[in-house]
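To start, the structure itself, in structure tokens.
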Amino acid sequence: MSEEPKPDEQPARHRIRYALERAALQREKFYNLVMKAIDELPPEFRDRLENVDVIVEDWPSPAQLARNNIKSRFGLLGLYEGVPHINRGPGYGMVLPDKITIFRKPIEARCHSWQEVEEEAARVVRHEIAHHFGIDDHKLRMIENQESGKG
């Protein structure tokens, strides 16, 4: 005769499985909105995305934080790693793709609603893609401030 699970064991297992499934759905939902932000780029930018992978991670790694002199893992929302278009010369080729990483957890932590998450993720995607085209943080801040009416 097999032993029945203790009353508190089975529900815990189900709660853990439910939490894992829910987390996977949240990651997928976030990934889809990042892809939507790329799809909604103006064609003159979207069509020129070359040799770049866009990925979603929950958090930045300690190495990514250190390389960018950022102390808190909440302080890095996205990261472009690669050779910007303006620095690619005639010898550019046969190289690994550039990488744009969008960090889900820091973005979600800053937002109070899913609508805010959508807006912030889209803004971060545009910001990192601008780096892909060679626009630095100083110029991006000026552009973002003009768009928001602060500049």
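By order of appearance in the structure tokens: chains A, B, ..., then residues from 1 within every chain, and ligands from 1 in the order shown.
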Exercise: segment 25-34 of chain A partners within 7 Å, only C-alpha atoms, chain neighbours under 6 positions left out, as a list of chain:residue names: A:Val56, A:Glu118, A:Ala121, A:Ala122, A:Val125
Once you have the residues from the selection above, write them out as a compact mmCIF listing (two decimals), in the first residue's frame, restricted to N, CA and C atoms.
```txt
# COMPACT_ATOMS: atom_id res chain seq x y z
N VAL A 56 16.11 39.08 -23.77
CA VAL A 56 15.52 39.52 -22.50
C VAL A 56 16.13 38.67 -21.40
N GLU A 118 4.89 48.43 -20.38
CA GLU A 118 4.93 48.48 -21.85
C GLU A 118 5.64 49.74 -22.34
N ALA A 121 9.48 49.60 -21.31
CA ALA A 121 10.21 48.61 -22.12
C ALA A 121 10.41 49.14 -23.54
N ALA A 122 9.40 49.75 -24.12
CA ALA A 122 9.53 50.31 -25.47
C ALA A 122 10.57 51.43 -25.48
N VAL A 125 14.02 49.79 -25.27
CA VAL A 125 14.36 49.18 -26.56
C VAL A 125 14.84 50.25 -27.53
```
Per-residue DSSP, chain A, filtered to strand (DSSP E), as a list of chain:residue names: A:Val52, A:Asp53, A:Val54, A:Ile55, A:Val56, A:Glu57, A:Gly78, A:Leu79, A:Tyr80, A:Glu81, A:Asp98, A:Lys99, A:Ile100, A:Thr101, A:Ile102, A:Phe103
File dump, residues just selected, C-alpha atoms, as a PDB file, in the first residue's frame:
```pdb
ATOM      1  CA  VAL A  52      22.242  42.296 -33.717  1.00  0.00           C
ATOM      2  CA  ASP A  53      20.459  39.947 -31.305  1.00  0.00           C
ATOM      3  CA  VAL A  54      17.875  41.303 -28.888  1.00  0.00           C
ATOM      4  CA  ILE A  55      17.426  39.220 -25.765  1.00  0.00           C
ATOM      5  CA  VAL A  56      15.524  39.525 -22.501  1.00  0.00           C
ATOM      6  CA  GLU A  57      17.118  38.645 -19.170  1.00  0.00           C
ATOM      7  CA  GLY A  78      19.038  47.687 -20.945  1.00  0.00           C
ATOM      8  CA  LEU A  79      22.491  47.220 -22.424  1.00  0.00           C
ATOM      9  CA  TYR A  80      23.990  47.463 -25.909  1.00  0.00           C
ATOM     10  CA  GLU A  81      27.175  45.480 -26.467  1.00  0.00           C
ATOM     11  CA  ASP A  98      25.960  42.752 -31.402  1.00  0.00           C
ATOM     12  CA  LYS A  99      23.769  42.124 -28.390  1.00  0.00           C
ATOM     13  CA  ILE A 100      20.988  44.238 -26.938  1.00  0.00           C
ATOM     14  CA  THR A 101      19.796  42.959 -23.571  1.00  0.00           C
ATOM     15  CA  ILE A 102      16.594  44.228 -21.990  1.00  0.00           C
ATOM     16  CA  PHE A 103      16.384  43.550 -18.244  1.00  0.00           C
TER      17      PHE A 103
END
```
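Nearest residue to Lys105 of chain A among A:Arg46, A:His131, A:Lys139, A:Arg73 is A:Arg73, counting only C-alpha atoms.
The space between atom CA of His127 of chain A and atom CA of Glu40 of chain A spans 13.8 Å.
Going from atom CA of Glu21 of chain A over to atom CA of Asp58 of chain A, you cover 15.3 Å.
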Test item, alpha helix (DSSP H) assignment across segment 28-142 of chain A, answer as a count of residues only: 54
Selection: 8 Å around Arg126 of chain A, only C-alpha atoms, excl. self and same-chain fewer than 5 positions, as a ChimeraX atom specification: /A:37-38,41
I need the residues from that last selection saved to file as a compact mmCIF listing (two decimals), in the first residue's frame (with N, CA and C atoms), if you can.
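Output below, filename selection34.txt:
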```
# COMPACT_ATOMS: atom_id res chain seq x y z
N ALA A 37 7.85 46.23 -29.58
CA ALA A 37 8.52 47.53 -29.64
C ALA A 37 9.47 47.58 -30.84
N ILE A 38 10.14 46.47 -31.14
CA ILE A 38 11.02 46.43 -32.31
C ILE A 38 10.19 46.50 -33.59
N LEU A 41 9.16 50.00 -34.56
CA LEU A 41 10.16 51.00 -34.93
C LEU A 41 9.86 51.53 -36.32
```
Å distance separating atom CA of Gly91 of chain A from atom CA of Phe45 of chain A, one decimal place: 22.5 Å
